[in-house]
Structure formats: C-alpha cells, structure tokens
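Right, one structure below, let's go through it.
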Amino acid sequence: MSRPINLDSKYLALLIMNYFLKCTRGRYALEYFLTEQQKEIKALTRTIAEEKVLPVRAELDEKEEFPWEIMKILADTDLFGVYIPGEYGGLGGGVLDLCLVVEELSRVCSGVAVSYAASALGTFTLLEYGTEEQKRKYLPDIALGKRLSAFALTEATAGSDASAIKTTATRTGGGYILNGTKQFITNGGEAELYTVIALTAKEKGPRGASAFLVEKGTPGFSFGRKEKKLGIRASATRELVFEDCLVSEENMIGRDGMGFIMTMRLLDRSRPGLGAQALGLAQGALEAAVDYARKRIQFGHPIIAQQAVQLMLADMAIEVEAARALVYAIARTIDSGAKNFTQESAMAKVFASDTAMKVTTDAMQIFGGVGYMRDYPIEKMFRDAKITQIYEGTNQVLRTAIAFELRKKKGMQD
Ligand code: CAA
C-alpha cells in the first residue's frame, strides 16, 4: 500500500522547491522537437550568455555601452548567420533558430539580445526581396557578423501610424536623393548597413513608399543623438539624418512603391523574435525569483514555503511556458513556408511581452525591497521588459490588427 504524501509544511516546501529547480534547470522541460542543430544553437548561446554576458551585463547597462565584445563572440561562433541560407554563408536555419539565440541572450541581458536581433530586422527585407546581386554583395558579411545592419522606418510623426513617414526619396539620374530624419533606430550608428523606408511618390500613401539599402559613410547620411533609455541600455538607439543623400538605384530593394507592404510583411516575420526577447527576459526573471525565494528566510522558513509566493511562481511558470509554446509555434509555422501569419505573429509578440512585464513585476515583488535596488538583476529586467510592449508595434496597435483579422474571418456557422 502506498504511503500518503506527507503534507507537513517543511516537506511540502522541499517538494515545491525541487519542482521549481527541475523546471528552471530544464529537467522537466517540455519537448519542443528542436533539430540537433537548433539544440546546439540554443546550448551554445546559453553558454555564451552565462560565461560572457552575465559578468558584464550590469556594467554595460550602467555605462550604456554598446556590447561590441559580445557581438564579436556571436560573430566568431557563426550565430549571426543562423537564419541566413548556406549559399550566402549562413547556417541555413530560419526564424525559430533566430528566436532561440534571442531567447537565450535575453534570459541574461535584453540589451545584448536586441542589438543582435536588430541586425536580423535590418536584413529580412533584403533576404526576402533583394536581387541576387544585392544578396551576394551584403549577406555574407552579415552572416559572418562582419557588418551589423539596422531597419529604419519610425519617424517623429510616424510611430504606430507607420505610413505617415515624411522621409522622401526623389528620383534623379541613376538614383534617388534621400531627405528626412528617422527616429529611435536600434543599432543606429553602430550598424554598417541600413534598410531605409522612404517616399518615392508621396501622393500614393502607403503605396508610395520604397525600401533602400544605405551604407554607413554614404555622403549626406549622418547620425543624430543617442537616446537615453529606461532599459535595454546596452543597445544603441539613434536618429538617422538624411540630407541630400544620393543612393544608387541598384540599392532599392524590391519594387518601387512596395516599401510599406514589404515592411508590414517584415514585421510579421520579425515579431516572433521580439516575442523571444520577451520570453527570455521572463525566463530569466522567473529563475532569479525561484532562486531568491529558496534562499530568503522569513518566519523561519524559505519564503518559497509560503503559499502566496508559490502561487505567484506557479502563475509565472505557466505564463512563461505558454509564451514559449506560442513563440516557437509561430516561428516554426513561418519557417514551414506559411504565407499569411499577421495575426499569429502579433499574438506571439503581444502575449510574450505582456508576460515579460507581468513576470518581471511579480519577480520584483518576490524579491521585495532588495529587488528594487540595483545590486540585484531584477531591477534591470523590470526596466528592460517595458519596451517589449512598445516597439515593433505597440500591443494596442497589434491587438487592433488581430481584431481586424478576426473581423475578416467567417464565423463557424457560415
Ligand atoms: N502584410 C501585407 N500587406 C499588408 C499588411 C501585412 N501584414 N498590413 C497591411 N498591408 C497592406 C494593406 O493590404 C494595404 O495594401 P493596399 O494598398 O493594397 O490596400 C496597405 O498595406 C496599407 O494597409 P493599411 O491601410 O491597413 O495600413 P495602415 O496605415 O492602417 O497601418 C498598421 C496598419 C498595422 C497600424 C501599421 O501601420 C503598423 O504595423 N503599425 C505599427 C508600426 C510598427 O510596428 N513599427 C515598428 C517599427 S520597427 C521597431 O520598432 C524595431 C526596433 O526598434 C527594434
């Protein structure tokens, strides 16, 4: 006859501690059927994050310093090429591979993770719509991490209303002259290559925008101030200024007038990566909270023995795993060649970023007073989480986009 479980509070606390330990160390991890290469990518990134990023993350944050040393390590280990086809020097994976790297970096430092991810954001349009010549010219260096790239859409008057951009690209003999200012550009100033969205036919609205590859150092292209941010401080966010900047017509990506549509498609493709950034951040905060709750003694016991704390941790663990399942599922769907994934991609970004905000808030609550201090990592994670609800489409705009897709769908009875 089996013995009933001893529900003595000390024993129960041990059981729960053990469960959380196993969960957070991966022994009870769900099976996500990653390929051998994906498992290696994830494990390699985790090692780099723990051995190279962890020791410097507080300093990078404090000094608001771009993580060039880490970018070099990611380049040397081929991680910049995970989503780029082998023929252009990459590892031939896809969005899921990219998400795995971003998740693992973000588990330790979101500022580092977004510096890495923004290069992919700046490369996707070239990858999907570039000519063979453009791809051969730029992709190998990006895959090897010799050049970072960046994506430039946002302007002072065009945040959520992306088609309200004012930067113009005026046709001239053999090229286009760019004029205007881009705002809040991640990797601005650090990247060598920029995908810039500008109006070639203002009167046509969203159908009048086009995409251009602009190299750092092109005459007429300069950088404005570097922003002072609440979080993700290791990353660089700058203005890009175009003053009569001549760009050759070979540098237009895709067809004239397709810039806005290509951008929307790009964001559909990139938002799971943003979800992965939020997911990694939430995972890191959960692990920190579990470790702290096991060690912190109050009323004679570790606080993890308190049911109030257990319930918070359980909810955090559920939300993190649900975010992971959603992010991986949509990334895999994109990689399988799906054509329209606007709604699902937005869902992954919204759910994971709301999770990151909630989990970091609850983690700070579990840490109590010390969590509010800079000596502990939770304060940084909490600051880093907020932006995930804002950039690559605010969660409100994305909920509107999800609702729009729902309205288009027929009901089950139809
Ligand atoms: N895929 C393909 N086509 C799309 C599309 C999609 N997902 N979404 C819209 N389109 C097409 C429409 O079909 C329409 O085409 P037609 O001209 O043929 O009709 C055209 O684009 C215009 O569409 P809408 O009228 O719906 O466009 P809108 O002006 O109302 O904007 C929006 C829609 C969803 C709100 C869009 O502006 C948007 O996504 N805003 C958020 C902007 C954003 O995410 N910015 C992030 C910047 S990058 C960043 O933050 C990165 C970083 O720093 C790390």
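Labels for the structure tokens follow display order: chains A, B, ..., residues from 1 in each chain, ligands from 1.
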
Using only C-alpha atoms and all ligand atoms, which protein or nucleic acid residues are at most 8 Å from ligand 1, as a tab-separated table (two decimals) with C-alpha atoms, in the first residue's frame?
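The resulting file, result03.tsv, is shown below:
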chain	number	residue	atom	x	y	z
A	114	VAL	CA	18.11	43.38	-29.11
A	117	ALA	CA	18.13	40.83	-33.17
A	118	ALA	CA	18.02	44.30	-34.76
A	121	LEU	CA	15.38	43.02	-38.61
A	151	PHE	CA	15.99	48.84	-40.03
A	152	ALA	CA	14.78	52.43	-40.34
A	153	LEU	CA	11.05	53.09	-40.53
A	154	THR	CA	9.98	55.14	-37.49
A	159	GLY	CA	5.21	55.62	-34.84
A	160	SER	CA	2.10	53.41	-34.78
A	161	ASP	CA	0.93	55.24	-37.92
A	162	ALA	CA	3.81	53.82	-39.93
A	163	SER	CA	2.58	55.03	-43.32
A	164	ALA	CA	2.80	58.67	-42.14
A	184	PHE	CA	14.59	55.56	-32.42
A	185	ILE	CA	16.62	53.36	-34.73
A	186	THR	CA	18.05	50.34	-32.93
A	206	PRO	CA	1.21	53.51	-48.31
A	207	ARG	CA	1.64	52.55	-51.99
A	237	THR	CA	19.14	53.90	-30.28
A	260	PHE	CA	5.19	49.77	-46.90
A	261	ILE	CA	3.81	46.36	-47.83
A	262	MET	CA	7.30	44.79	-47.55
A	263	THR	CA	7.65	46.46	-44.15
A	264	MET	CA	4.37	45.01	-42.92
A	265	ARG	CA	5.48	41.58	-44.09
A	267	LEU	CA	7.27	42.93	-39.15
A	268	ASP	CA	5.04	39.86	-39.39
A	274	LEU	CA	10.58	40.21	-30.31
A	340	ASN	CA	-0.14	34.91	-44.13
A	341	PHE	CA	0.68	34.98	-40.43
A	342	THR	CA	-0.05	38.58	-39.42
A	390	ILE	CA	6.01	49.17	-27.15
A	391	TYR	CA	8.35	48.54	-30.07
A	392	GLU	CA	7.76	46.55	-33.26
A	393	GLY	CA	4.12	47.60	-32.91
A	394	THR	CA	2.56	48.64	-29.58
A	397	VAL	CA	-1.97	48.52	-32.31
A	398	LEU	CA	-1.29	44.80	-32.60
A	400	THR	CA	-6.30	46.10	-33.23
A	401	ALA	CA	-4.60	44.23	-36.08

- Query: Tell me, which residues of stretch 22-245 of chain A carry DSSP helix (DSSP H, G or I), written as a VMD selection string?
  - Reply: chain A and resid 22 to 25 36 to 63 68 to 76 79 to 81 86 to 88 95 to 108 110 to 129 132 to 143 162 to 164 202 to 208

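With distances taken over only C-alpha atoms, A:Ala276 is the one residue among A:Val53, A:Ile334, A:Ala43, A:Ala276 lying closest to A:Ala348.
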
- Contacts of stretch 75-84 of chain A within 10 Å, only C-alpha atoms, excl. fewer than 3 positions in-chain, as a PyMOL selection string: chain A and resi 37-38+41+44-45+48+69-72+87-101+116-117+119-120+123-124+127+139-148+335

- Note on the structure: Closest of A:Lys202, A:Glu155, A:Glu51, A:Glu250 to A:Gly174, counting only C-alpha atoms, is A:Glu250

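Distances to A:Asn179 were evaluated for A:Ala356, A:Ala289, A:Ile165, A:Cys109 using only C-alpha atoms, and the minimum falls at A:Ile165.
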
- Could you please write out, as a ChimeraX atom specification, every residue of stretch 161-390 of chain A that DSSP assigns to strand (DSSP E)? /A:168-172,175-186,193-199,209-215,221-226,237-248,252-253,297-298,301-302

- Given only C-alpha atoms as the counted atoms, nearest of A:Ala158, A:Leu193, A:Ala211, A:Met357 to A:Gly254: A:Ala211

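Restricting the calculation to only C-alpha atoms, the smallest distance between A:Lys226 and any of A:Gly259, A:Glu65, A:Glu31, A:Tyr129 is found for A:Glu65.
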
- Query: Near A:Pro67, within 8 Å and counting only C-alpha atoms, which residues show up once chain neighbours fewer than 4 positions away are dropped, as an MDAnalysis selection string?
  - Reply: chainID A and resid 60 71 112 115 234:235

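Near A:Gly371, within 12 Å and counting only C-alpha atoms, sit A:Ala285, A:Ala288, A:Ala289, A:Tyr292, A:Ala293, A:Thr360, A:Thr361, A:Asp362, A:Ala363, A:Met364, A:Gln365, A:Ile366, A:Phe367, A:Gly368, A:Arg374, A:Asp375, A:Tyr376, A:Pro377, A:Ile378, A:Glu379, A:Lys380, A:Met381, A:Phe382, A:Arg383, not including residues fewer than 3 positions from it in the same chain.
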
Include N, CA and C atoms and write out the residues we just selected as a JSON list (two decimals), in the first residue's frame.
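Generated file (selection-v3.json):
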[["chain", "number", "residue", "atom", "x", "y", "z"],
["A", 285, "ALA", "N", 13.86, 36.17, -15.30],
["A", 285, "ALA", "CA", 13.25, 36.73, -14.08],
["A", 285, "ALA", "C", 12.64, 35.62, -13.22],
["A", 288, "ALA", "N", 15.46, 33.78, -11.47],
["A", 288, "ALA", "CA", 16.02, 34.60, -10.39],
["A", 288, "ALA", "C", 15.07, 34.59, -9.19],
["A", 289, "ALA", "N", 13.76, 34.67, -9.45],
["A", 289, "ALA", "CA", 12.77, 34.71, -8.36],
["A", 289, "ALA", "C", 12.75, 33.37, -7.61],
["A", 292, "TYR", "N", 15.88, 33.11, -5.47],
["A", 292, "TYR", "CA", 15.81, 34.01, -4.31],
["A", 292, "TYR", "C", 14.81, 33.47, -3.28],
["A", 293, "ALA", "N", 13.67, 33.00, -3.75],
["A", 293, "ALA", "CA", 12.63, 32.52, -2.82],
["A", 293, "ALA", "C", 13.10, 31.29, -2.05],
["A", 360, "THR", "N", 8.27, 40.01, -14.67],
["A", 360, "THR", "CA", 9.33, 40.80, -14.03],
["A", 360, "THR", "C", 8.75, 41.61, -12.86],
["A", 361, "THR", "N", 7.51, 42.05, -13.00],
["A", 361, "THR", "CA", 6.86, 42.78, -11.89],
["A", 361, "THR", "C", 6.68, 41.85, -10.69],
["A", 362, "ASP", "N", 6.18, 40.64, -10.95],
["A", 362, "ASP", "CA", 5.97, 39.69, -9.85],
["A", 362, "ASP", "C", 7.30, 39.24, -9.26],
["A", 363, "ALA", "N", 8.30, 39.08, -10.12],
["A", 363, "ALA", "CA", 9.64, 38.68, -9.62],
["A", 363, "ALA", "C", 10.16, 39.75, -8.67],
["A", 364, "MET", "N", 9.98, 41.01, -9.05],
["A", 364, "MET", "CA", 10.44, 42.08, -8.17],
["A", 364, "MET", "C", 9.67, 42.04, -6.84],
["A", 365, "GLN", "N", 8.39, 41.72, -6.90],
["A", 365, "GLN", "CA", 7.58, 41.63, -5.68],
["A", 365, "GLN", "C", 8.12, 40.53, -4.76],
["A", 366, "ILE", "N", 8.52, 39.42, -5.35],
["A", 366, "ILE", "CA", 9.06, 38.31, -4.55],
["A", 366, "ILE", "C", 10.40, 38.71, -3.92],
["A", 367, "PHE", "N", 11.21, 39.45, -4.65],
["A", 367, "PHE", "CA", 12.47, 39.94, -4.10],
["A", 367, "PHE", "C", 12.23, 40.98, -3.00],
["A", 368, "GLY", "N", 11.09, 41.64, -3.04],
["A", 368, "GLY", "CA", 10.82, 42.67, -2.04],
["A", 368, "GLY", "C", 11.77, 43.84, -2.20],
["A", 374, "ARG", "N", 19.66, 48.33, -7.30],
["A", 374, "ARG", "CA", 20.44, 47.95, -8.48],
["A", 374, "ARG", "C", 21.40, 46.79, -8.23],
["A", 375, "ASP", "N", 21.59, 46.41, -6.96],
["A", 375, "ASP", "CA", 22.50, 45.30, -6.65],
["A", 375, "ASP", "C", 21.98, 43.97, -7.17],
["A", 376, "TYR", "N", 20.69, 43.89, -7.42],
["A", 376, "TYR", "CA", 20.08, 42.64, -7.89],
["A", 376, "TYR", "C", 19.60, 42.82, -9.33],
["A", 377, "PRO", "N", 19.59, 41.72, -10.11],
["A", 377, "PRO", "CA", 19.30, 41.87, -11.55],
["A", 377, "PRO", "C", 17.84, 42.20, -11.88],
["A", 378, "ILE", "N", 16.94, 42.00, -10.91],
["A", 378, "ILE", "CA", 15.51, 42.17, -11.21],
["A", 378, "ILE", "C", 15.17, 43.60, -11.61],
["A", 379, "GLU", "N", 15.83, 44.54, -10.98],
["A", 379, "GLU", "CA", 15.57, 45.95, -11.29],
["A", 379, "GLU", "C", 15.82, 46.22, -12.77],
["A", 380, "LYS", "N", 16.91, 45.67, -13.31],
["A", 380, "LYS", "CA", 17.23, 45.85, -14.74],
["A", 380, "LYS", "C", 16.21, 45.10, -15.62],
["A", 381, "MET", "N", 15.87, 43.88, -15.21],
["A", 381, "MET", "CA", 14.92, 43.09, -16.02],
["A", 381, "MET", "C", 13.57, 43.80, -16.11],
["A", 382, "PHE", "N", 13.15, 44.37, -14.98],
["A", 382, "PHE", "CA", 11.88, 45.10, -14.92],
["A", 382, "PHE", "C", 11.93, 46.29, -15.89],
["A", 383, "ARG", "N", 13.05, 47.02, -15.88],
["A", 383, "ARG", "CA", 13.18, 48.18, -16.80],
["A", 383, "ARG", "C", 13.23, 47.71, -18.25]]

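Take atom CA of A:Asp244 and atom CA of A:Thr170: the distance between them is 9.4 Å.
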